[in-house]
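Asker: This is the structure I want to talk about, given as structure tokens.
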Amino acid sequence: MLISKFLFSLFLAVVLPVDCLSQLVVNVKNKGGDIIKEIITGNTTSDVVELQFQNTDGTIINQFIDFKSEVQIFRAYVLWEEELGFTRNKPFTLCFVSRFNKNEFISSDAMSKLRQKNPTAIRTPEEEKVPEMHIMDLQMNLKKTDVISPNIKKFCKEANITTYAKESDIKIWSQALGQDMNLLMSTVKRIHPEKYTNCKDTAAITSPCLCHYHICVGWYPCGLKYCRGKDSAGRYVSYRCGIKTCRRFLSYDFVVDKKYNCLWDDI
């Protein structure tokens with residue numbers, strides 16, 4: 001646990017931008033009754049938002065949103081379990097890159113206007129989103145991802161061969177960003193998840209297999225609330241009067257080169 005806290009502090013120091021304009025600390029109770037501390041930052045200069053927290057098993061989750069490029073990244077630092085008979089000097093890192101819909105999270109500008117109120121309070125989301133299932137059929141080449149977003153390479157640098165995307169998102173980026181589809185596809189490699197056996201059903205620990213990973217974001221500002229009132233001239237106007245909060249569950253299917261990189265599937 002001491003190592004986990006050290007790693008969490010270290011990663012916070014690395015990933016928080018020095019010109020960050022806002023930060024929100026939220027205590028959230030998960031469905032098991034544990035309290036998870038989330039740190040949400042917004043940077044209007046770069047037009048990015050980041051949400052980060054540490055699960056009770058020590059895994060560190062970061063959600064990074066690049067509004068300009070319409071890119072969302074979920075990164076997981078999975079701490080190695082010594083009792084499994086393997087040793088590593090650093091966590092196993094996964095990155096899941098997908099297209100971001102701008103109505104899924106409040107903007108970086110809206111984030112910069114939020115003010116911390118009662119930081120010790122336990123927050124409960126107002127809405128639980130429908131669970132999302134993603135089959136990640138592409139492996140990204142980080143050296144080439146700048147054509148989509150320069151933040152992918154920077155944010156996923158520890159996940160050199162474990163950064164995944166979907167071809168359906170590549171097609172949408174091609175249209176939304178005005179990029180050539182062939183150019184965007186040159187940044188990835190198809191991996192055909194349907195051809196692989198689930199890791200839990202794979203006997204050889206060094207064989208490739210289909211891995212599953214689940215992420216739960218217990219609380220996040222998923223939208224703005226608007227109220228109606230009168231201005232100084234007596235006219236009715238609409239104004240922002242709060243935020244809507246949500247919980248979301250995400251499930252990712254992806255291929256790992258060796259089963260021992262997905263041993264949680266056996267649990």
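Every chain in the structure tokens takes a letter, A first, then B, and so on in the order presented; its residues are numbered from 1, and the ligands are numbered from 1 following the presented order.
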Using only C-alpha atoms, which residues sit within 9 Å of range 70-77 of chain A once same-chain residues fewer than 2 positions away are excluded, as a PyMOL selection string?
Answerer: chain A and resi 58-68+79+90-102+148-149+151-152+155-156+159+163+173+176-177+215
Asker: Quick one: residues within 10 Å of Ser238 in chain A, only C-alpha atoms counted, chain neighbours fewer than 6 positions away excluded, as a ChimeraX atom specification?
Answerer: /A:226-231
Asker: CA of Glu167 in chain A to CA of Ser251 in chain A: how many Å, to one decimal?
Answerer: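 Between CA of Glu167 in chain A and CA of Ser251 in chain A the gap is 17.0 Å.
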Asker: CA of Val256 in chain A to CA of Cys211 in chain A: how many Å, to one decimal?
Answerer: 6.5 Å
Asker: As a PyMOL selection string, please: every residue in range 25-201 of chain A that a backbone DSSP assignment puts in strand (DSSP E).
Answerer: chain A and resi 25-29+35-43+48-54+60-66+71-78+92-99+122-123+127-128+132-135+138-140+163-165+188-190
Asker: Give me, as a count of residues only, all polymer residues having an atom no more than 12 Å from Val26 in chain A, counting only C-alpha atoms and skipping those fewer than 5 positions away in the same chain.
Answerer: 27
